[in-house]
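**Student:** Next up, query.pdb (PDB, C-alpha atoms, pLDDT in the B column).
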ATOM      1  CA  MET A   1     -44.664  86.037-153.134  1.00 67.00           C
ATOM      2  CA  ILE A   2     -44.150  84.520-149.720  1.00 71.00           C
ATOM      3  CA  VAL A   3     -40.999  85.474-147.792  1.00 75.00           C
ATOM      4  CA  CYS A   4     -39.536  82.686-145.575  1.00 79.00           C
ATOM      5  CA  PRO A   5     -39.539  83.835-141.919  1.00 74.00           C
ATOM      6  CA  ASN A   6     -36.392  81.749-141.301  1.00 76.00           C
ATOM      7  CA  CYS A   7     -33.995  82.667-144.148  1.00 80.00           C
ATOM      8  CA  ASN A   8     -35.944  85.558-145.893  1.00 76.00           C
ATOM      9  CA  HIS A   9     -35.974  83.639-149.189  1.00 75.00           C
ATOM     10  CA  PRO A  10     -38.773  84.795-151.547  1.00 80.00           C
ATOM     11  CA  ASN A  11     -41.053  81.916-152.481  1.00 76.00           C
ATOM     12  CA  PRO A  12     -43.903  81.918-155.053  1.00 77.00           C
ATOM     13  CA  ASP A  13     -47.499  82.369-153.934  1.00 71.00           C
ATOM     14  CA  GLY A  14     -49.115  79.169-152.826  1.00 71.00           C
ATOM     15  CA  ALA A  15     -45.829  77.596-151.677  1.00 75.00           C
ATOM     16  CA  VAL A  16     -46.149  75.553-148.517  1.00 73.00           C
ATOM     17  CA  GLN A  17     -42.413  74.934-147.771  1.00 74.00           C
ATOM     18  CA  CYS A  18     -39.370  77.217-148.244  1.00 78.00           C
ATOM     19  CA  GLU A  19     -37.368  76.317-151.328  1.00 76.00           C
ATOM     20  CA  ALA A  20     -34.060  77.255-149.589  1.00 77.00           C
ATOM     21  CA  CYS A  21     -34.306  75.943-145.977  1.00 79.00           C
ATOM     22  CA  TYR A  22     -37.435  73.769-146.164  1.00 74.00           C
ATOM     23  CA  THR A  23     -39.099  75.683-143.342  1.00 76.00           C
ATOM     24  CA  PRO A  24     -42.947  75.503-143.373  1.00 78.00           C
ATOM     25  CA  LEU A  25     -44.335  78.790-144.787  1.00 72.00           C
ATOM     26  CA  PRO A  26     -47.227  80.696-143.176  1.00 74.00           C
ATOM     27  CA  THR A  27     -50.658  80.784-144.785  1.00 73.00           C
ATOM     28  CA  ILE A  28     -51.320  83.942-146.895  1.00 74.00           C
ATOM     29  CA  GLY A  29     -54.564  85.900-146.881  1.00 74.00           C
ATOM     30  CA  HIS A  30     -55.763  89.353-148.039  1.00 76.00           C
ATOM     31  CA  CYS A  31     -56.598  92.442-146.016  1.00 80.00           C
ATOM     32  CA  PRO A  32     -60.392  93.077-146.171  1.00 81.00           C
ATOM     33  CA  ASN A  33     -59.731  96.836-146.139  1.00 81.00           C
ATOM     34  CA  CYS A  34     -57.051  97.394-148.822  1.00 82.00           C
ATOM     35  CA  GLY A  35     -56.663  93.912-150.344  1.00 74.00           C
ATOM     36  CA  ALA A  36     -52.956  93.668-149.536  1.00 74.00           C
ATOM     37  CA  THR A  37     -51.420  90.257-149.044  1.00 73.00           C
ATOM     38  CA  VAL A  38     -51.057  89.429-145.332  1.00 72.00           C
ATOM     39  CA  GLN A  39     -50.314  86.311-143.312  1.00 71.00           C
ATOM     40  CA  ALA A  40     -53.294  84.477-141.959  1.00 70.00           C
ATOM     41  CA  ASP A  41     -52.094  84.767-138.347  1.00 71.00           C
ATOM     42  CA  ALA A  42     -51.266  88.526-138.619  1.00 73.00           C
ATOM     43  CA  ALA A  43     -53.063  90.888-136.219  1.00 73.00           C
ATOM     44  CA  PHE A  44     -52.761  94.058-138.336  1.00 74.00           C
ATOM     45  CA  CYS A  45     -52.344  94.756-142.034  1.00 76.00           C
ATOM     46  CA  GLY A  46     -48.823  95.815-142.902  1.00 69.00           C
ATOM     47  CA  GLN A  47     -50.106  98.081-145.667  1.00 75.00           C
ATOM     48  CA  CYS A  48     -52.943 100.059-144.114  1.00 80.00           C
ATOM     49  CA  GLY A  49     -52.744  99.052-140.442  1.00 74.00           C
ATOM     50  CA  TYR A  50     -56.218  97.583-140.399  1.00 75.00           C
ATOM     51  CA  ASN A  51     -57.078  95.421-137.384  1.00 77.00           C
ATOM     52  CA  LEU A  52     -57.580  92.049-138.962  1.00 72.00           C
ATOM     53  CA  HIS A  53     -59.319  90.617-135.861  1.00 72.00           C
ATOM     54  CA  SER A  54     -61.844  93.442-135.387  1.00 68.00           C
ATOM     55  CA  ASN A  55     -64.604  91.681-137.284  1.00 54.00           C
ATOM     56  CA  GLY A  56     -63.323  88.200-137.217  1.00 46.00           C
ATOM     57  CA  ALA A  57     -63.771  87.513-133.523  1.00 40.00           C
ATOM     58  CA  ALA A  58     -67.118  85.982-132.992  1.00 39.00           C
ATOM     59  CA  THR A  59     -69.156  86.835-129.982  1.00 40.00           C
ATOM     60  CA  PRO A  60     -69.591  83.698-127.956  1.00 42.00           C
ATOM     61  CA  ALA A  61     -73.161  82.542-127.852  1.00 43.00           C
ATOM     62  CA  SER A  62     -74.935  82.901-124.589  1.00 44.00           C
ATOM     63  CA  VAL A  63     -75.571  79.660-122.852  1.00 48.00           C
ATOM     64  CA  ALA A  64     -79.124  79.146-121.830  1.00 53.00           C
ATOM     65  CA  ILE A  65     -79.540  77.992-118.267  1.00 56.00           C
ATOM     66  CA  PRO A  66     -82.408  75.598-117.947  1.00 58.00           C
ATOM     67  CA  ASN A  67     -85.088  76.555-115.469  1.00 64.00           C
ATOM     68  CA  ILE A  68     -85.098  73.595-113.115  1.00 65.00           C
ATOM     69  CA  PRO A  69     -87.677  73.864-110.364  1.00 66.00           C
ATOM     70  CA  VAL A  70     -86.309  73.412-106.887  1.00 63.00           C
ATOM     71  CA  GLU A  71     -88.495  71.775-104.339  1.00 69.00           C
ATOM     72  CA  VAL A  72     -88.368  73.445-100.934  1.00 62.00           C
ATOM     73  CA  PRO A  73     -89.409  71.144 -98.105  1.00 64.00           C
ATOM     74  CA  GLN A  74     -92.118  72.429 -95.828  1.00 66.00           C
ATOM     75  CA  LEU A  75     -91.081  73.637 -92.449  1.00 66.00           C
ATOM     76  CA  VAL A  76     -92.051  71.367 -89.572  1.00 63.00           C
ATOM     77  CA  GLN A  77     -94.091  73.163 -86.973  1.00 67.00           C
ATOM     78  CA  PRO A  78     -92.652  72.676 -83.458  1.00 65.00           C
ATOM     79  CA  ASP A  79     -94.759  71.067 -80.794  1.00 66.00           C
ATOM     80  CA  PRO A  80     -96.495  73.463 -78.405  1.00 66.00           C
ATOM     81  CA  PRO A  81     -94.608  73.988 -75.144  1.00 63.00           C
ATOM     82  CA  LEU A  82     -95.643  71.838 -72.269  1.00 59.00           C
ATOM     83  CA  GLU A  83     -97.167  73.513 -69.267  1.00 57.00           C
ATOM     84  CA  VAL A  84     -95.300  72.575 -66.164  1.00 51.00           C
ATOM     85  CA  SER A  85     -97.212  73.067 -62.969  1.00 52.00           C
ATOM     86  CA  GLN A  86     -95.369  74.140 -59.898  1.00 55.00           C
ATOM     87  CA  PRO A  87     -95.397  71.623 -57.017  1.00 51.00           C
ATOM     88  CA  ASP A  88     -97.117  72.608 -53.836  1.00 53.00           C
ATOM     89  CA  ALA A  89     -95.634  72.673 -50.402  1.00 49.00           C
ATOM     90  CA  LEU A  90     -95.981  68.893 -50.046  1.00 52.00           C
ATOM     91  CA  GLY A  91     -94.100  68.298 -53.232  1.00 49.00           C
ATOM     92  CA  THR A  92     -97.238  67.102 -55.155  1.00 52.00           C
ATOM     93  CA  ASN A  93     -98.526  68.257 -58.556  1.00 55.00           C
ATOM     94  CA  PRO A  94    -102.273  69.164 -58.884  1.00 57.00           C
ATOM     95  CA  ASP A  95    -104.388  67.305 -61.447  1.00 59.00           C
ATOM     96  CA  PRO A  96    -105.379  69.771 -64.206  1.00 59.00           C
ATOM     97  CA  ASN A  97    -108.887  68.218 -64.473  1.00 62.00           C
ATOM     98  CA  THR A  98    -109.829  67.930 -60.805  1.00 61.00           C
ATOM     99  CA  ASN A  99    -107.349  70.396 -59.380  1.00 61.00           C
ATOM    100  CA  GLN A 100    -106.606  67.818 -56.740  1.00 60.00           C
ATOM    101  CA  PRO A 101    -103.083  67.160 -55.655  1.00 57.00           C
ATOM    102  CA  VAL A 102    -101.616  64.098 -57.192  1.00 55.00           C
ATOM    103  CA  ILE A 103     -98.875  62.379 -55.334  1.00 56.00           C
ATOM    104  CA  SER A 104     -96.191  61.424 -57.721  1.00 55.00           C
ATOM    105  CA  PRO A 105     -94.654  58.034 -57.123  1.00 56.00           C
ATOM    106  CA  LEU A 106     -91.122  57.921 -55.970  1.00 56.00           C
ATOM    107  CA  PRO A 107     -88.652  57.456 -58.730  1.00 57.00           C
ATOM    108  CA  PRO A 108     -87.207  53.992 -58.908  1.00 57.00           C
ATOM    109  CA  THR A 109     -83.887  53.502 -57.290  1.00 57.00           C
ATOM    110  CA  ILE A 110     -81.193  53.304 -59.867  1.00 55.00           C
ATOM    111  CA  ILE A 111     -78.454  50.895 -59.009  1.00 56.00           C
ATOM    112  CA  SER A 112     -75.272  51.998 -60.517  1.00 55.00           C
ATOM    113  CA  THR A 113     -73.453  49.229 -62.372  1.00 60.00           C
ATOM    114  CA  ALA A 114     -70.423  51.321 -63.030  1.00 62.00           C
ATOM    115  CA  VAL A 115     -67.277  49.522 -62.105  1.00 64.00           C
ATOM    116  CA  PRO A 116     -65.270  51.655 -59.718  1.00 66.00           C
ATOM    117  CA  GLU A 117     -61.911  52.606 -60.946  1.00 71.00           C
ATOM    118  CA  PRO A 118     -59.134  50.743 -59.182  1.00 70.00           C
ATOM    119  CA  ALA A 119     -57.110  52.723 -56.750  1.00 72.00           C
ATOM    120  CA  PRO A 120     -53.802  53.789 -58.141  1.00 72.00           C
ATOM    121  CA  VAL A 121     -51.064  51.405 -57.208  1.00 71.00           C
ATOM    122  CA  VAL A 122     -48.305  53.192 -55.405  1.00 69.00           C
ATOM    123  CA  PRO A 123     -45.059  51.380 -56.097  1.00 69.00           C
ATOM    124  CA  GLU A 124     -43.160  50.396 -53.053  1.00 69.00           C
ATOM    125  CA  PRO A 125     -39.831  52.101 -52.695  1.00 66.00           C
ATOM    126  CA  ALA A 126     -37.078  49.998 -54.078  1.00 64.00           C
ATOM    127  CA  HIS A 127     -34.812  48.453 -51.560  1.00 65.00           C
ATOM    128  CA  VAL A 128     -31.683  50.474 -51.784  1.00 66.00           C
ATOM    129  CA  VAL A 129     -28.596  48.532 -50.982  1.00 66.00           C
ATOM    130  CA  PRO A 130     -26.121  50.853 -49.349  1.00 71.00           C
ATOM    131  CA  ALA A 131     -22.875  51.092 -51.176  1.00 69.00           C
ATOM    132  CA  PRO A 132     -20.055  49.394 -49.371  1.00 70.00           C
ATOM    133  CA  ALA A 133     -17.751  51.689 -47.571  1.00 70.00           C
ATOM    134  CA  PRO A 134     -14.599  52.280 -49.518  1.00 65.00           C
ATOM    135  CA  VAL A 135     -11.833  50.066 -48.327  1.00 56.00           C
ATOM    136  CA  PRO A 136      -8.742  52.115 -47.797  1.00 57.00           C
ATOM    137  CA  TYR A 137      -5.842  50.931 -49.802  1.00 46.00           C
ATOM    138  CA  PRO A 138      -3.024  49.631 -47.703  1.00 48.00           C
ATOM    139  CA  SER A 139      -0.245  52.020 -47.498  1.00 48.00           C
ATOM    140  CA  MET A 140       2.418  51.228 -50.004  1.00 45.00           C
ATOM    141  CA  THR A 141       5.385  49.599 -48.469  1.00 47.00           C
ATOM    142  CA  GLN A 142       8.305  51.807 -48.930  1.00 48.00           C
ATOM    143  CA  LEU A 143      11.167  50.202 -50.684  1.00 51.00           C
ATOM    144  CA  GLN A 144      13.838  49.389 -48.262  1.00 57.00           C
ATOM    145  CA  GLN A 145      16.971  51.262 -49.033  1.00 65.00           C
ATOM    146  CA  VAL A 146      19.949  49.093 -49.763  1.00 73.00           C
ATOM    147  CA  THR A 147      22.699  49.573 -47.243  1.00 88.00           C
ATOM    148  CA  ALA A 148      26.257  48.912 -48.298  1.00 94.00           C
ATOM    149  CA  ARG A 149      28.863  47.769 -45.761  1.00 95.00           C
ATOM    150  CA  LEU A 150      32.535  46.918 -45.564  1.00 96.00           C
ATOM    151  CA  PHE A 151      33.383  43.947 -43.371  1.00 96.00           C
ATOM    152  CA  HIS A 152      36.942  44.116 -41.973  1.00 96.00           C
ATOM    153  CA  VAL A 153      38.298  40.578 -42.179  1.00 95.00           C
ATOM    154  CA  GLN A 154      41.150  40.954 -39.658  1.00 94.00           C
ATOM    155  CA  SER A 155      38.945  42.313 -36.831  1.00 93.00           C
ATOM    156  CA  ASP A 156      35.444  41.015 -37.795  1.00 93.00           C
ATOM    157  CA  ARG A 157      34.210  44.599 -37.712  1.00 93.00           C
ATOM    158  CA  GLU A 158      31.522  46.082 -39.986  1.00 94.00           C
ATOM    159  CA  ILE A 159      31.659  49.625 -41.341  1.00 94.00           C
ATOM    160  CA  GLU A 160      28.449  51.003 -42.861  1.00 94.00           C
ATOM    161  CA  LEU A 161      28.976  53.287 -45.848  1.00 94.00           C
ATOM    162  CA  PRO A 162      27.719  56.848 -45.237  1.00 93.00           C
ATOM    163  CA  GLN A 163      24.291  57.599 -46.753  1.00 90.00           C
ATOM    164  CA  GLY A 164      23.724  60.511 -49.109  1.00 90.00           C
ATOM    165  CA  LEU A 165      27.269  60.710 -50.444  1.00 94.00           C
ATOM    166  CA  SER A 166      28.068  60.141 -54.097  1.00 95.00           C
ATOM    167  CA  VAL A 167      31.805  59.822 -53.426  1.00 96.00           C
ATOM    168  CA  ILE A 168      33.136  58.080 -50.279  1.00 96.00           C
ATOM    169  CA  HIS A 169      36.831  58.674 -49.535  1.00 97.00           C
ATOM    170  CA  ILE A 170      38.871  55.848 -47.907  1.00 97.00           C
ATOM    171  CA  GLY A 171      42.141  56.672 -46.210  1.00 96.00           C
ATOM    172  CA  LYS A 172      43.601  58.299 -43.100  1.00 96.00           C
ATOM    173  CA  PRO A 173      43.358  61.827 -41.685  1.00 95.00           C
ATOM    174  CA  ASN A 174      45.091  64.477 -43.846  1.00 94.00           C
ATOM    175  CA  ASP A 175      44.922  68.185 -44.634  1.00 92.00           C
ATOM    176  CA  ARG A 176      43.666  67.811 -48.226  1.00 92.00           C
ATOM    177  CA  ILE A 177      40.746  65.363 -48.357  1.00 93.00           C
ATOM    178  CA  PRO A 178      39.498  64.132 -44.977  1.00 94.00           C
ATOM    179  CA  PRO A 179      38.468  60.445 -45.238  1.00 96.00           C
ATOM    180  CA  ASP A 180      34.853  59.348 -44.912  1.00 96.00           C
ATOM    181  CA  ILE A 181      36.112  55.887 -43.850  1.00 95.00           C
ATOM    182  CA  ASP A 182      39.106  56.233 -41.548  1.00 96.00           C
ATOM    183  CA  VAL A 183      41.244  53.048 -41.361  1.00 95.00           C
ATOM    184  CA  SER A 184      43.928  54.508 -39.095  1.00 93.00           C
ATOM    185  CA  GLY A 185      42.583  52.541 -36.128  1.00 91.00           C
ATOM    186  CA  PHE A 186      42.991  49.134 -37.812  1.00 94.00           C
ATOM    187  CA  SER A 187      46.122  46.985 -37.528  1.00 93.00           C
ATOM    188  CA  ASN A 188      48.722  47.303 -40.302  1.00 94.00           C
ATOM    189  CA  SER A 189      47.186  50.669 -41.299  1.00 94.00           C
ATOM    190  CA  GLU A 190      50.669  52.019 -42.042  1.00 95.00           C
ATOM    191  CA  ILE A 191      50.515  50.438 -45.531  1.00 95.00           C
ATOM    192  CA  VAL A 192      47.370  52.464 -46.360  1.00 96.00           C
ATOM    193  CA  SER A 193      47.862  55.902 -47.937  1.00 96.00           C
ATOM    194  CA  ARG A 194      46.209  58.968 -46.495  1.00 96.00           C
ATOM    195  CA  ILE A 195      44.259  59.389 -49.763  1.00 95.00           C
ATOM    196  CA  HIS A 196      43.967  55.795 -50.897  1.00 96.00           C
ATOM    197  CA  ALA A 197      40.692  54.892 -52.736  1.00 96.00           C
ATOM    198  CA  ASP A 198      37.211  56.219 -53.503  1.00 97.00           C
ATOM    199  CA  ILE A 199      33.863  54.436 -53.687  1.00 97.00           C
ATOM    200  CA  ARG A 200      31.436  56.159 -56.079  1.00 96.00           C
ATOM    201  CA  VAL A 201      27.695  55.611 -55.746  1.00 95.00           C
ATOM    202  CA  GLU A 202      25.663  55.765 -58.986  1.00 94.00           C
ATOM    203  CA  GLY A 203      22.067  54.743 -58.447  1.00 91.00           C
ATOM    204  CA  ASP A 204      22.062  51.233 -56.983  1.00 90.00           C
ATOM    205  CA  PHE A 205      25.608  50.521 -58.067  1.00 94.00           C
ATOM    206  CA  HIS A 206      28.897  51.059 -56.240  1.00 96.00           C
ATOM    207  CA  TYR A 207      32.239  51.494 -57.973  1.00 98.00           C
ATOM    208  CA  ILE A 208      35.724  51.550 -56.391  1.00 97.00           C
ATOM    209  CA  GLU A 209      38.852  53.143 -57.849  1.00 96.00           C
ATOM    210  CA  ASP A 210      42.387  53.732 -56.691  1.00 96.00           C
ATOM    211  CA  VAL A 211      43.276  57.443 -56.476  1.00 94.00           C
ATOM    212  CA  GLY A 212      47.071  57.106 -56.591  1.00 90.00           C
ATOM    213  CA  SER A 213      47.930  55.181 -53.413  1.00 94.00           C
ATOM    214  CA  SER A 214      51.525  54.106 -52.667  1.00 94.00           C
ATOM    215  CA  ASN A 215      50.852  50.384 -52.180  1.00 95.00           C
ATOM    216  CA  GLY A 216      47.899  50.004 -54.540  1.00 95.00           C
ATOM    217  CA  THR A 217      44.390  48.531 -54.255  1.00 97.00           C
ATOM    218  CA  TYR A 218      43.518  44.887 -55.002  1.00 97.00           C
ATOM    219  CA  ILE A 219      40.115  43.449 -55.913  1.00 97.00           C
ATOM    220  CA  ASN A 220      39.847  39.700 -55.411  1.00 96.00           C
ATOM    221  CA  ASN A 221      43.666  39.551 -55.289  1.00 93.00           C
ATOM    222  CA  SER A 222      43.962  41.379 -58.650  1.00 95.00           C
ATOM    223  CA  PRO A 223      45.546  44.856 -58.764  1.00 95.00           C
ATOM    224  CA  LEU A 224      43.246  47.755 -59.672  1.00 95.00           C
ATOM    225  CA  LEU A 225      45.118  50.078 -61.964  1.00 90.00           C
ATOM    226  CA  PRO A 226      44.921  53.820 -61.174  1.00 86.00           C
ATOM    227  CA  GLY A 227      42.288  55.498 -63.318  1.00 85.00           C
ATOM    228  CA  ASN A 228      40.238  52.306 -63.644  1.00 93.00           C
ATOM    229  CA  ARG A 229      37.234  51.494 -61.539  1.00 94.00           C
ATOM    230  CA  HIS A 230      35.551  48.258 -60.577  1.00 97.00           C
ATOM    231  CA  ARG A 231      31.877  47.648 -60.000  1.00 96.00           C
ATOM    232  CA  LEU A 232      31.508  46.124 -56.581  1.00 97.00           C
ATOM    233  CA  ARG A 233      29.354  43.030 -56.074  1.00 96.00           C
ATOM    234  CA  PRO A 234      28.458  41.376 -52.759  1.00 96.00           C
ATOM    235  CA  GLY A 235      31.371  39.258 -51.622  1.00 96.00           C
ATOM    236  CA  ASP A 236      34.107  41.182 -53.473  1.00 97.00           C
ATOM    237  CA  ARG A 237      37.394  41.212 -51.529  1.00 97.00           C
ATOM    238  CA  ILE A 238      39.062  44.638 -51.243  1.00 97.00           C
ATOM    239  CA  SER A 239      42.690  44.820 -50.080  1.00 97.00           C
ATOM    240  CA  LEU A 240      44.246  48.180 -49.318  1.00 96.00           C
ATOM    241  CA  GLY A 241      48.006  47.737 -49.906  1.00 94.00           C
ATOM    242  CA  LYS A 242      50.082  44.645 -50.556  1.00 90.00           C
ATOM    243  CA  GLY A 243      50.132  41.415 -48.607  1.00 89.00           C
ATOM    244  CA  ASP A 244      46.355  41.271 -47.942  1.00 91.00           C
ATOM    245  CA  LEU A 245      46.917  42.860 -44.520  1.00 95.00           C
ATOM    246  CA  VAL A 246      44.068  45.380 -44.552  1.00 96.00           C
ATOM    247  CA  THR A 247      41.174  43.521 -46.160  1.00 97.00           C
ATOM    248  CA  PHE A 248      37.429  44.280 -46.470  1.00 97.00           C
ATOM    249  CA  LEU A 249      34.508  42.318 -47.898  1.00 97.00           C
ATOM    250  CA  PHE A 250      31.821  44.320 -49.736  1.00 97.00           C
ATOM    251  CA  GLN A 251      28.293  43.515 -48.491  1.00 96.00           C
ATOM    252  CA  LEU A 252      24.736  44.695 -49.209  1.00 91.00           C
ATOM    253  CA  ALA A 253      22.068  44.551 -46.501  1.00 81.00           C
TER     254      ALA A 253
END
Spell out the structure here as structure tokens.
**Tutor:**
Amino acid sequence: MIVCPNCNHPNPDGAVQCEACYTPLPTIGHCPNCGATVQADAAFCGQCGYNLHSNGAATPASVAIPNIPVEVPQLVQPDPPLEVSQPDALGTNPDPNTNQPVISPLPPTIISTAVPEPAPVVPEPAHVVPAPAPVPYPSMTQLQQVTARLFHVQSDREIELPQGLSVIHIGKPNDRIPPDIDVSGFSNSEIVSRIHADIRVEGDFHYIEDVGSSNGTYINNSPLLPGNRHRLRPGDRISLGKGDLVTFLFQLA
């Protein structure tokens, strides 16, 4: 009986393939010691423990090495050393047969044909062009500050608006708000209130407003209502009071 190593199914002796899983079955042999059935590739008998490969392993045959003669070449005898005679005081060598000095001819002059190496070429320094001197930038022209003026029509007199003020008061001397532009010296100034109008400066723009005067403020002959303001443009006509008696022209220079 052969037991399948895959599914342990018992198969009859001599079977080559398992009847249950169709796995190839191992070859069966017999133990030479006890005769028990063992697999052909088993190392020991499962019945008696006999080493199945103790007598089966064949001793490999020794390989005979052929005796091939090796030819050894004969050693070449070196030439005997040459005897070099020492030159005498005159620089001549004596003849070994006559023991007479033999004057050796002068060695021929050897003319060297070697081409001399060319001298290394030293590159000339490159002509360095000096960098042009930096040209100083012209100083930036400062923007001219716009100057605003009031031209008094009745007297042909110009009044320059004060610089650095955001609010310029127009009127006559009083105890509350002293005027920045005093019109008390002009003719017909009695119609102008002590606190009459203000000119406000915002950036490059000028605005005028009436601050509650008695006779009002007129721009280009149109009344400027209290609380409203007008943006002044060059050539605008400003009248302080009625009748166009105290009149200014707004100018920019």
**Student:** Using all atoms listed in the file, find each residue in range 191-217 of chain A having at least one atom no more than 9 Å away from range 147-167 of chain A; report its shortest atom-to-atom pair and that distance in Å (one decimal), rows by chain then rising number, as a tab-separated table.
**Tutor:**
residue	atom	partner	partner_atom	distance
A:Asp198	CA	A:Val167	CA	6.5
A:Ile199	CA	A:Val167	CA	5.8
A:Arg200	CA	A:Val167	CA	4.5
A:Val201	CA	A:Ser166	CA	4.8
A:Glu202	CA	A:Ser166	CA	7.0
A:His206	CA	A:Ala148	CA	8.6
**Student:** Output the residue selection produced by the PyMOL selection byres ((chain A and resi 174-190) around 9) on the file above, formatted as a list in words.
**Tutor:**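 Applied to this file, the PyMOL selection byres ((chain A and resi 174-190) around 9) selects His152, Gln154, Ser155, Ile159, Leu161, Pro162, Ile168, His169, Ile170, Gly171, Lys172, Pro173, Ile191, Val192, Ser193, Arg194, Ile195, Leu240, Leu245 and Val246 of chain A.
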**Student:** Run the PyMOL selection byres ((chain A and resi 219) around 6) mentally over the shown coordinates, then write out the matched residues as a list in words, using the chain letters and numbers from the document.
**Tutor:**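 Applying the PyMOL selection byres ((chain A and resi 219) around 6) to the structure shown produces Tyr218, Asn220, Asn221, Ser222, Arg237 and Ile238 of chain A.
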**Student:** For CA of Asn8 in chain A and CA of Tyr50 in chain A, quote the distance in Å rounded to one decimal.
**Tutor:**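 According to the coordinates, CA of Asn8 in chain A and CA of Tyr50 in chain A are separated by 24.2 Å.
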**Student:** Find the distance between CA of Cys7 in chain A and CA of Cys31 in chain A and write it in Å to one decimal.
**Tutor:**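 Here the two named atoms are 24.7 Å from each other.
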**Student:** Given the point (-52.1, 81.5, -150.1) in the file's coordinates, find the residues that have an atom at most 7 Å from it, counting only C-alpha atoms, and give them as a ChimeraX atom specification.
**Tutor:** /A:13-14,27-29
**Student:** Suppose a student applies the PyMOL selection byres ((chain A and resi 47) around 9) to this structure; what residues should they get, written as a PyMOL selection string?
**Tutor:** chain A and resi 31+34+36-38+44-46+48-50
**Student:** Find the distance between CA of Gly203 in chain A and CA of Leu252 in chain A and write it in Å to one decimal.
**Tutor:**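 The value is 13.9 Å.
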**Student:** Of the candidates A:Asn215, A:Arg233, A:Ala253, A:Pro24, which shows the shortest atom-to-atom distance to Asn11 in chain A, using all atoms listed in the file?
**Tutor:**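 Looking only at the distances to Asn11 in chain A, the closest residue turns out to be A:Pro24.
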**Student:** List as a ChimeraX atom specification the protein and nucleic acid residues near Pro5 in chain A, meaning an atom at most 10 Å away when all atoms listed in the file are counted, but skip any in the same chain fewer than 5 places from it.
**Tutor:** /A:10,18,23-26
**Student:** Could you give me the centre and size, in Å to one decimal, of an axis-aligned box around all listed atoms of range 222-227 of chain A with 3 Å added on every side, as AutoDock Vina command-line options?
**Tutor:**
--center_x 43.9 --center_y 48.4 --center_z -61.0 --size_x 9.3 --size_y 20.1 --size_z 10.7
